[in-house]
>>> print(open('work_25.csv').read())   # CSV, C-alpha atoms
chain,number,residue,atom,x,y,z
A,1,MET,CA,-19.2,5.1,-13.8
A,2,ASN,CA,-16.3,7.1,-12.3
A,3,PRO,CA,-13.7,5.2,-10.2
A,4,LEU,CA,-13.7,5.7,-6.5
A,5,LEU,CA,-10.1,6.9,-6.6
A,6,GLN,CA,-8.2,8.4,-9.6
A,7,VAL,CA,-4.5,9.3,-9.2
A,8,THR,CA,-3.1,11.2,-12.1
A,9,ASP,CA,0.6,12.1,-12.6
A,10,LEU,CA,1.2,12.4,-8.8
A,11,GLN,CA,4.5,14.0,-7.8
A,12,THR,CA,5.7,14.1,-4.3
A,13,HIS,CA,9.2,15.5,-3.8
A,14,PHE,CA,11.4,16.1,-0.7
A,15,PHE,CA,13.5,19.2,-0.7
A,16,THR,CA,16.7,18.5,1.2
A,17,ARG,CA,20.0,20.3,1.6
A,18,ASP,CA,21.6,17.7,-0.7
A,19,GLY,CA,19.0,18.1,-3.5
A,20,VAL,CA,15.4,17.1,-4.4
A,21,ALA,CA,14.4,13.5,-3.8
A,22,LYS,CA,11.6,12.6,-6.2
A,23,ALA,CA,10.0,10.0,-3.9
A,24,VAL,CA,6.9,9.8,-6.2
A,25,ASP,CA,7.5,10.8,-9.7
A,26,GLY,CA,4.4,10.7,-12.0
A,27,VAL,CA,2.4,7.9,-10.5
A,28,SER,CA,-1.1,7.3,-12.0
A,29,PHE,CA,-3.7,4.6,-11.3
A,30,THR,CA,-7.4,4.1,-10.7
A,31,LEU,CA,-9.3,2.1,-8.1
A,32,GLU,CA,-12.9,1.0,-8.3
A,33,LYS,CA,-15.2,0.3,-5.4
A,34,GLY,CA,-14.5,-3.1,-3.8
A,35,GLN,CA,-11.3,-3.5,-5.7
A,36,VAL,CA,-7.9,-4.4,-4.1
A,37,LEU,CA,-4.8,-2.9,-5.5
A,38,GLY,CA,-1.4,-4.2,-4.5
A,39,LEU,CA,1.5,-1.7,-4.5
A,40,VAL,CA,4.8,-3.7,-4.4
A,41,GLY,CA,8.5,-3.0,-4.6
A,42,GLU,CA,11.7,-2.7,-2.6
A,43,SER,CA,12.1,-0.3,0.2
A,44,GLY,CA,12.5,3.2,-1.1
A,45,SER,CA,10.5,2.6,-4.2
A,46,GLY,CA,7.8,5.2,-3.2
A,47,LYS,CA,5.0,2.9,-2.1
A,48,SER,CA,4.4,4.3,1.4
A,49,VAL,CA,4.8,7.9,0.2
A,50,THR,CA,2.2,7.3,-2.4
A,51,GLY,CA,-0.2,6.2,0.3
A,52,PHE,CA,0.7,9.2,2.6
A,53,SER,CA,0.2,11.6,-0.3
A,54,ILE,CA,-3.4,10.4,-0.8
A,55,LEU,CA,-4.2,11.3,2.8
A,56,GLY,CA,-2.1,14.5,2.8
A,57,LEU,CA,0.2,13.1,5.5
A,58,VAL,CA,3.5,14.2,3.8
A,59,ASP,CA,5.5,16.3,6.3
A,60,PRO,CA,8.1,19.0,5.3
A,61,PRO,CA,10.5,19.0,3.6
A,62,GLY,CA,8.2,16.9,1.5
A,63,ARG,CA,5.2,18.1,-0.4
A,64,ILE,CA,3.0,17.3,-3.4
A,65,THR,CA,4.4,19.3,-6.3
A,66,GLY,CA,2.0,18.1,-9.1
A,67,GLY,CA,-0.7,15.8,-10.2
A,68,GLN,CA,-4.3,15.2,-9.1
A,69,ILE,CA,-6.0,12.9,-6.6
A,70,LEU,CA,-9.7,12.5,-7.1
A,71,PHE,CA,-11.6,10.7,-4.4
A,72,ASP,CA,-15.3,10.1,-5.3
A,73,GLY,CA,-15.1,13.3,-7.4
A,74,THR,CA,-13.3,15.4,-4.7
A,75,ASP,CA,-9.9,16.8,-5.6
A,76,LEU,CA,-7.8,16.1,-2.5
A,77,VAL,CA,-4.8,18.1,-3.7
A,78,ALA,CA,-6.7,21.2,-4.6
A,79,GLY,CA,-9.0,20.9,-1.6
A,80,GLY,CA,-6.1,20.6,0.8
A,81,GLU,CA,-6.5,20.0,4.6
A,82,PRO,CA,-10.1,21.2,4.9
A,83,ALA,CA,-11.2,18.5,2.3
A,84,LEU,CA,-9.1,15.8,3.9
A,85,ARG,CA,-10.2,16.5,7.5
A,86,HIS,CA,-13.7,15.3,6.8
A,87,LEU,CA,-12.5,12.1,5.0
A,88,ARG,CA,-9.6,10.9,7.2
A,89,GLY,CA,-10.7,8.1,9.5
A,90,LYS,CA,-14.3,7.9,8.2
A,91,ARG,CA,-14.3,7.5,4.5
A,92,ILE,CA,-10.5,6.9,4.1
A,93,ALA,CA,-8.6,5.0,6.7
A,94,MET,CA,-4.9,4.1,6.9
A,95,ILE,CA,-3.3,1.2,8.7
A,96,PHE,CA,0.3,2.1,9.4
A,97,GLN,CA,3.2,-0.3,9.5
A,98,ASP,CA,4.1,1.0,13.0
A,99,PRO,CA,1.0,0.8,15.3
A,100,MET,CA,2.5,3.4,17.6
A,101,MET,CA,1.9,6.0,14.9
A,102,THR,CA,-1.8,5.3,15.4
A,103,LEU,CA,-2.1,4.7,19.2
A,104,ASN,CA,-1.7,7.3,21.9
A,105,PRO,CA,0.5,5.7,24.6
A,106,VAL,CA,-1.2,7.6,27.5
A,107,LEU,CA,-4.9,6.7,26.7
A,108,ARG,CA,-6.7,3.5,27.2
A,109,ILE,CA,-7.8,1.5,24.1
A,110,ASP,CA,-11.5,2.1,24.8
A,111,THR,CA,-11.0,5.9,25.0
A,112,GLN,CA,-9.1,5.9,21.7
A,113,MET,CA,-11.7,3.8,19.9
A,114,VAL,CA,-14.7,5.5,21.3
A,115,GLU,CA,-13.3,8.9,20.4
A,116,THR,CA,-12.6,7.7,16.9
A,117,VAL,CA,-16.2,6.7,16.4
A,118,ARG,CA,-17.7,9.8,18.0
A,119,ALA,CA,-15.4,12.2,16.1
A,120,HIS,CA,-17.3,11.4,12.9
A,121,GLU,CA,-20.7,10.1,14.1
A,122,ASP,CA,-23.3,11.4,16.5
A,123,VAL,CA,-23.7,8.2,18.6
A,124,SER,CA,-23.9,7.5,22.3
A,125,HIS,CA,-20.9,6.4,24.3
A,126,ALA,CA,-22.5,3.0,24.8
A,127,GLU,CA,-23.0,2.5,21.0
A,128,ALA,CA,-19.4,3.6,20.3
A,129,LEU,CA,-18.2,1.2,22.9
A,130,ARG,CA,-20.2,-1.7,21.4
A,131,ARG,CA,-18.7,-1.1,18.0
A,132,ALA,CA,-15.2,-0.9,19.5
A,133,ARG,CA,-15.8,-4.3,21.2
A,134,GLU,CA,-17.0,-5.8,17.9
A,135,ALA,CA,-14.0,-4.5,16.0
A,136,LEU,CA,-11.6,-6.1,18.5
A,137,VAL,CA,-13.3,-9.4,18.1
A,138,GLN,CA,-13.2,-9.0,14.4
A,139,VAL,CA,-9.3,-8.9,14.5
A,140,GLY,CA,-9.0,-11.7,16.9
A,141,ILE,CA,-8.5,-9.9,20.2
A,142,SER,CA,-10.1,-11.5,23.3
A,143,PRO,CA,-11.4,-11.0,25.9
A,144,PRO,CA,-12.5,-7.7,24.3
A,145,ASP,CA,-13.9,-6.1,27.5
A,146,GLU,CA,-10.7,-6.6,29.4
A,147,ARG,CA,-8.5,-5.5,26.5
A,148,LEU,CA,-10.5,-2.3,26.0
A,149,LYS,CA,-9.4,-1.2,29.5
A,150,SER,CA,-5.7,-1.7,28.7
A,151,TYR,CA,-3.1,0.8,27.6
A,152,PRO,CA,-1.0,0.2,24.4
A,153,HIS,CA,2.2,-0.6,26.4
A,154,GLN,CA,0.3,-3.6,27.9
A,155,PHE,CA,0.1,-5.2,24.4
A,156,SER,CA,2.7,-7.0,22.3
A,157,GLY,CA,3.7,-5.4,19.0
A,158,GLY,CA,1.4,-7.8,17.1
A,159,MET,CA,-1.5,-7.1,19.4
A,160,ARG,CA,-1.0,-3.3,19.0
A,161,GLN,CA,-1.1,-3.8,15.2
A,162,ARG,CA,-4.4,-5.6,15.5
A,163,VAL,CA,-5.9,-2.8,17.6
A,164,ALA,CA,-4.7,-0.3,14.9
A,165,ILE,CA,-6.4,-2.4,12.2
A,166,ALA,CA,-9.6,-2.6,14.3
A,167,ILE,CA,-9.6,1.2,14.6
A,168,ALA,CA,-9.3,1.5,10.8
A,169,LEU,CA,-12.4,-0.8,10.4
A,170,LEU,CA,-14.6,1.1,12.8
A,171,HIS,CA,-16.4,3.2,10.2
A,172,LYS,CA,-16.4,0.6,7.4
A,173,PRO,CA,-14.5,3.2,5.2
A,174,ASP,CA,-14.8,3.5,1.4
A,175,LEU,CA,-11.1,3.2,1.1
A,176,ILE,CA,-8.4,1.6,3.3
A,177,ILE,CA,-4.7,2.2,2.7
A,178,ALA,CA,-2.7,-0.5,4.4
A,179,ASP,CA,1.0,0.0,4.7
A,180,GLU,CA,2.4,-3.5,5.4
A,181,PRO,CA,0.0,-3.9,8.3
A,182,THR,CA,0.6,-7.6,8.9
A,183,THR,CA,4.4,-7.7,9.0
A,184,ALA,CA,4.5,-8.1,12.8
A,185,LEU,CA,1.7,-10.7,13.0
A,186,ASP,CA,1.9,-14.4,13.1
A,187,VAL,CA,0.7,-16.4,10.1
A,188,THR,CA,-2.6,-17.5,11.7
A,189,ILE,CA,-3.6,-14.0,12.7
A,190,GLN,CA,-2.4,-12.6,9.3
A,191,ALA,CA,-4.6,-15.1,7.5
A,192,GLN,CA,-7.6,-14.2,9.7
A,193,ILE,CA,-7.2,-10.4,9.0
A,194,LEU,CA,-6.7,-10.9,5.3
A,195,SER,CA,-9.9,-12.9,5.2
A,196,GLU,CA,-11.8,-10.2,7.1
A,197,LEU,CA,-10.5,-7.5,4.8
A,198,GLN,CA,-11.4,-9.5,1.7
A,199,THR,CA,-14.9,-10.1,3.1
A,200,LEU,CA,-15.3,-6.4,3.9
A,201,CYS,CA,-14.3,-5.4,0.4
A,202,ALA,CA,-16.7,-7.9,-1.2
A,203,THR,CA,-19.7,-7.2,1.0
A,204,SER,CA,-19.4,-3.4,1.6
A,205,GLY,CA,-17.6,-2.2,-1.5
A,206,THR,CA,-14.6,-1.0,0.4
A,207,ALA,CA,-11.6,-0.5,-1.8
A,208,LEU,CA,-8.2,-1.4,-0.5
A,209,ILE,CA,-4.6,-0.4,-1.4
A,210,TRP,CA,-2.3,-3.0,0.1
A,211,ILE,CA,1.3,-1.7,0.3
A,212,THR,CA,3.8,-4.6,0.7
A,213,HIS,CA,7.0,-6.3,-0.3
A,214,ASP,CA,5.5,-9.7,0.3
A,215,LEU,CA,4.4,-11.1,-3.1
A,216,ALA,CA,3.0,-14.3,-1.5
A,217,VAL,CA,0.5,-12.3,0.5
A,218,VAL,CA,-0.5,-9.9,-2.3
A,219,SER,CA,-0.8,-12.7,-4.9
A,220,GLY,CA,-3.8,-14.1,-3.0
A,221,LEU,CA,-5.3,-10.8,-2.0
A,222,ALA,CA,-5.1,-8.1,-4.7
A,223,ASP,CA,-7.2,-7.9,-7.9
A,224,ARG,CA,-4.6,-5.7,-9.6
A,225,LEU,CA,-0.9,-5.3,-9.0
A,226,ALA,CA,1.3,-2.1,-9.5
A,227,VAL,CA,5.0,-2.6,-9.2
A,228,MET,CA,7.0,0.5,-8.2
A,229,TYR,CA,10.7,1.3,-8.7
A,230,ALA,CA,12.4,4.6,-7.9
A,231,GLY,CA,9.2,6.5,-7.5
A,232,ARG,CA,7.4,5.2,-10.6
A,233,ILE,CA,5.1,2.4,-11.6
A,234,ILE,CA,7.0,0.2,-13.9
A,235,GLU,CA,4.4,-2.5,-14.5
A,236,GLU,CA,0.7,-2.8,-13.8
A,237,GLY,CA,-2.0,-5.4,-14.5
A,238,PRO,CA,-4.3,-8.1,-13.1
A,239,THR,CA,-2.4,-9.8,-10.3
A,240,ALA,CA,-2.6,-13.4,-11.7
A,241,GLU,CA,-1.2,-12.2,-15.0
A,242,VAL,CA,1.6,-10.2,-13.5
A,243,ILE,CA,2.7,-13.0,-11.2
A,244,ALA,CA,2.5,-15.7,-13.9
A,245,ARG,CA,4.0,-13.7,-16.7
A,246,PRO,CA,5.9,-10.6,-15.5
A,247,ARG,CA,7.0,-8.4,-18.4
A,248,HIS,CA,9.4,-6.0,-16.7
A,249,PRO,CA,12.9,-7.4,-15.8
A,250,TYR,CA,12.5,-5.9,-12.3
A,251,THR,CA,9.2,-7.6,-11.7
A,252,ARG,CA,10.7,-10.9,-13.0
A,253,GLY,CA,13.6,-10.4,-10.6
A,254,LEU,CA,11.3,-9.9,-7.6
A,255,ILE,CA,9.3,-13.0,-8.3
A,256,ASP,CA,12.4,-15.2,-9.1
A,257,SER,CA,14.0,-14.1,-5.8
A,258,VAL,CA,11.1,-15.6,-3.7
A,259,PRO,CA,12.4,-18.8,-1.9
A,260,ARG,CA,10.6,-22.0,-2.9
A,261,GLY,CA,10.6,-25.3,-1.0
A,262,LYS,CA,11.2,-27.3,-4.1
A,263,ARG,CA,14.6,-25.7,-4.6
A,264,HIS,CA,16.1,-26.8,-1.3
A,265,GLY,CA,19.8,-26.5,-1.3
A,266,ALA,CA,19.9,-24.3,-4.4
A,267,MET,CA,21.3,-20.8,-4.5
A,268,LEU,CA,18.8,-18.1,-4.1
A,269,THR,CA,18.2,-15.8,-7.1
A,270,GLN,CA,18.7,-12.1,-6.4
A,271,ILE,CA,18.6,-8.8,-8.2
A,272,LYS,CA,22.1,-7.5,-8.5
A,273,GLY,CA,23.0,-4.1,-7.1
A,274,MET,CA,21.1,-1.8,-4.8
A,275,THR,CA,18.1,0.5,-5.2
A,276,PRO,CA,19.5,3.9,-6.4
A,277,SER,CA,19.5,7.0,-4.2
A,278,LEU,CA,16.6,9.2,-5.1
A,279,LEU,CA,19.1,12.1,-5.0
A,280,LYS,CA,21.3,10.5,-7.7
A,281,LEU,CA,19.0,8.7,-10.0
A,282,PRO,CA,20.6,7.3,-13.3
A,283,LYS,CA,19.6,8.9,-16.6
A,284,GLY,CA,17.2,7.1,-18.8
A,285,CYS,CA,15.7,3.9,-17.4
A,286,LYS,CA,16.2,4.0,-13.6
A,287,PHE,CA,16.6,0.2,-13.5
A,288,MET,CA,19.3,0.2,-16.2
A,289,PRO,CA,22.3,-0.3,-13.9
A,290,ARG,CA,20.8,-3.5,-12.4
A,291,CYS,CA,19.0,-4.8,-15.5
A,292,PRO,CA,20.4,-7.9,-17.4
A,293,ARG,CA,18.6,-6.8,-20.6
A,294,ALA,CA,19.8,-3.2,-20.7
A,295,ASP,CA,21.6,-1.7,-23.7
A,296,ARG,CA,22.2,1.7,-25.3
A,297,VAL,CA,18.5,2.2,-26.0
A,298,CYS,CA,17.8,2.3,-22.2
A,299,GLU,CA,19.8,5.5,-21.9
A,300,ALA,CA,16.5,7.2,-23.0
A,301,GLU,CA,13.5,7.5,-20.6
A,302,PRO,CA,10.9,4.8,-21.1
A,303,SER,CA,7.2,5.5,-20.9
A,304,LEU,CA,4.5,3.4,-19.3
A,305,VAL,CA,3.2,1.7,-22.5
A,306,PRO,CA,-0.1,-0.3,-22.7
A,307,LEU,CA,0.5,-3.9,-23.8
A,308,THR,CA,-3.2,-4.8,-23.6
A,309,SER,CA,-6.3,-3.1,-22.3
A,310,GLU,CA,-5.3,-4.2,-18.8
A,311,ARG,CA,-1.5,-4.6,-18.9
A,312,SER,CA,1.2,-1.9,-19.1
A,313,VAL,CA,4.9,-1.8,-18.7
A,314,ARG,CA,7.7,0.8,-18.6
A,315,CYS,CA,10.5,-1.0,-20.5
A,316,PHE,CA,12.2,-1.0,-23.9
A,317,HIS,CA,13.0,-4.7,-23.6
A,318,PRO,CA,10.1,-6.5,-21.8
A,319,HIS,CA,10.0,-10.2,-21.4
A,320,ASP,CA,8.0,-12.2,-23.8
A,321,ASP,CA,4.4,-12.9,-22.7
A,322,ALA,CA,4.9,-16.6,-23.3
A,323,GLU,CA,7.6,-16.7,-20.6
A,324,GLU,CA,6.2,-18.1,-17.4
A,325,VAL,CA,7.6,-18.2,-13.8
A,326,LEU,CA,6.7,-20.2,-10.8
A,327,GLN,CA,4.3,-18.5,-8.6
A,328,PRO,CA,5.6,-17.4,-5.1
>>> encode(input="work_25.csv", output="structure tokens")
Amino acid sequence: MNPLLQVTDLQTHFFTRDGVAKAVDGVSFTLEKGQVLGLVGESGSGKSVTGFSILGLVDPPGRITGGQILFDGTDLVAGGEPALRHLRGKRIAMIFQDPMMTLNPVLRIDTQMVETVRAHEDVSHAEALRRAREALVQVGISPPDERLKSYPHQFSGGMRQRVAIAIALLHKPDLIIADEPTTALDVTIQAQILSELQTLCATSGTALIWITHDLAVVSGLADRLAVMYAGRIIEEGPTAEVIARPRHPYTRGLIDSVPRGKRHGAMLTQIKGMTPSLLKLPKGCKFMPRCPRADRVCEAEPSLVPLTSERSVRCFHPHDDAEEVLQP
């Protein structure tokens, strides 16, 4: 059976006056129906641009320069805007980190949600309104009838984000790309929305790409984990295995840097240095200037090498599989 989504050697570059920034540089992964993939990494690692590329939302001076994105057999790169127009919002939905990228500030919530439903389905206004009401209840917004008549500026930032998530759920899409959607939400609502999304994936076969820097959230949500650095996937595998036994030094550094209650008063672990500029990437391994295990061998470019049938790592000196770390 073919995967729902197959990304192969995706390259998305930004052509600036100072040079070419390779925001996504040869990313490949597959996603099955009902599967949850976590994309993690520091800011600037290429996570969000990967999600935007799938939906064709990369604005100039950026553009997809190579690779293939197959969604249920349809080539989204070759098909361009006509192919994407019929998929966006209905079969592929995106939840943005900033809800104001989703919501129109001059339209009431009911208008925006009803239009979203009727743009893809031939249903009555009453039916579309009913589905909008159910979606608001699903993400914990009450009373729904009163909230539907409100404008975005009448909501808090967290409430606006919940409305944006409700809009993404309206059509029960085949794929949801979530770009750090719960960052502005309190812990209780975050847990509720994560539970709803997990239920949706399990019952309807919806696949989910969860883009985040929060390892604690993704460790309990994702089936598989792909760790990105400088526009590339540097480690991939089942979430439980990657969290318990990270092989790449960068993945190990991310997990070790998560604060833990049992280490009260101890110095926090950190990855030294800063994420390199995409305009001035180091030669060879992009993590070499920050890596405690780097040597002369790392001056060459490492490939993403399979370790097992389900694990792969882009490193000349990966950690031993027997080394365990505390889970975040």
>>> residues_around(input="work_25.csv", residues="Val217 in chain A", least_positions_apart="6", cutoff="12 Å", atoms="all atoms listed in the file", output="PyMOL selection string")
chain A and resi 38-40+180-183+187+190-191+193-195+210-211+225+239+243+258+327-328
>>> write_last_selection(input="work_25.csv", atoms="C-alpha atoms", output="short mmCIF file (atom, residue, chain, number, x, y, z; two decimals), in the coordinates of the input")
data_model
loop_
_atom_site.label_atom_id
_atom_site.label_comp_id
_atom_site.auth_asym_id
_atom_site.auth_seq_id
_atom_site.Cartn_x
_atom_site.Cartn_y
_atom_site.Cartn_z
CA GLY A 38 -1.40 -4.20 -4.50
CA LEU A 39 1.50 -1.70 -4.50
CA VAL A 40 4.80 -3.70 -4.40
CA GLU A 180 2.40 -3.50 5.40
CA PRO A 181 0.00 -3.90 8.30
CA THR A 182 0.60 -7.60 8.90
CA THR A 183 4.40 -7.70 9.00
CA VAL A 187 0.70 -16.40 10.10
CA GLN A 190 -2.40 -12.60 9.30
CA ALA A 191 -4.60 -15.10 7.50
CA ILE A 193 -7.20 -10.40 9.00
CA LEU A 194 -6.70 -10.90 5.30
CA SER A 195 -9.90 -12.90 5.20
CA TRP A 210 -2.30 -3.00 0.10
CA ILE A 211 1.30 -1.70 0.30
CA LEU A 225 -0.90 -5.30 -9.00
CA THR A 239 -2.40 -9.80 -10.30
CA ILE A 243 2.70 -13.00 -11.20
CA VAL A 258 11.10 -15.60 -3.70
CA GLN A 327 4.30 -18.50 -8.60
CA PRO A 328 5.60 -17.40 -5.10
#
>>> residues_around(input="work_25.csv", residues="His153 in chain A", least_positions_apart="5", cutoff="12 Å", atoms="only C-alpha atoms", output="list in words")
Pro99, Met100, Leu103, Asn104, Pro105, Val106, Leu107, Arg108, Ile109, Arg147, Gly158, Met159 and Arg160 of chain A
>>> atom_distance(input="work_25.csv", atom1="CA of Leu37 in chain A", atom2="CA of Ser156 in chain A")
29.1 Å
>>> atom_distance(input="work_25.csv", atom1="CA of Thr74 in chain A", atom2="CA of His171 in chain A")
19.5 Å
>>> atom_distance(input="work_25.csv", atom1="CA of Asp223 in chain A", atom2="CA of Ala93 in chain A")
19.5 Å
>>> residues_around(input="work_25.csv", residues="Ser257 in chain A", least_positions_apart="2", cutoff="8 Å", atoms="only C-alpha atoms", output="number ranges by chain")
A: 253-255, 259, 268-271
>>> closest_residue(input="work_25.csv", among="A:Gly26, A:His13, A:Arg245, A:Lys283", to="Pro60 in chain A", atoms="only C-alpha atoms")
A:His13
>>> closest_residue(input="work_25.csv", among="A:Phe71, A:Lys149, A:Ser45, A:Pro173", to="Ile95 in chain A", atoms="all atoms listed in the file")
A:Pro173
>>> closest_residue(input="work_25.csv", among="A:Val58, A:Ala207, A:Val36, A:Leu170", to="Thr116 in chain A", atoms="all atoms listed in the file")
A:Leu170
>>> residues_around(input="work_25.csv", residues="range 33-35 of chain A", least_positions_apart="3", cutoff="12 Å", atoms="all atoms listed in the file", output="PyMOL selection string")
chain A and resi 1-6+30+38+71-72+172-176+197-210+221-225+238-239
>>> closest_residue(input="work_25.csv", among="A:Ile233, A:Ala126, A:Val313, A:Ala240", to="Val24 in chain A", atoms="all atoms listed in the file")
A:Ile233
>>> residues_around(input="work_25.csv", residues="Gly80 in chain A", least_positions_apart="5", cutoff="10 Å", atoms="only C-alpha atoms", output="PyMOL selection string")
chain A and resi 55-56+75+85
>>> residues_near_point(input="work_25.csv", point="(15.2, 7.2, -27.5)", cutoff="12 Å", atoms="all atoms listed in the file", output="short mmCIF file (atom, residue, chain, number, x, y, z; two decimals) with C-alpha atoms, keeping the file's coordinate frame")
data_model
loop_
_atom_site.label_atom_id
_atom_site.label_comp_id
_atom_site.auth_asym_id
_atom_site.auth_seq_id
_atom_site.Cartn_x
_atom_site.Cartn_y
_atom_site.Cartn_z
CA LYS A 283 19.60 8.90 -16.60
CA GLY A 284 17.20 7.10 -18.80
CA CYS A 285 15.70 3.90 -17.40
CA ASP A 295 21.60 -1.70 -23.70
CA ARG A 296 22.20 1.70 -25.30
CA VAL A 297 18.50 2.20 -26.00
CA CYS A 298 17.80 2.30 -22.20
CA GLU A 299 19.80 5.50 -21.90
CA ALA A 300 16.50 7.20 -23.00
CA GLU A 301 13.50 7.50 -20.60
CA PRO A 302 10.90 4.80 -21.10
CA SER A 303 7.20 5.50 -20.90
CA CYS A 315 10.50 -1.00 -20.50
CA PHE A 316 12.20 -1.00 -23.90
#
>>> closest_residue(input="work_25.csv", among="A:Gly265, A:Gly273, A:Pro152, A:Gly231", to="Gly44 in chain A", atoms="only C-alpha atoms")
A:Gly231
>>> closest_residue(input="work_25.csv", among="A:Ser53, A:Val139, A:Asp320, A:Ala230", to="Leu278 in chain A", atoms="all atoms listed in the file")
A:Ala230
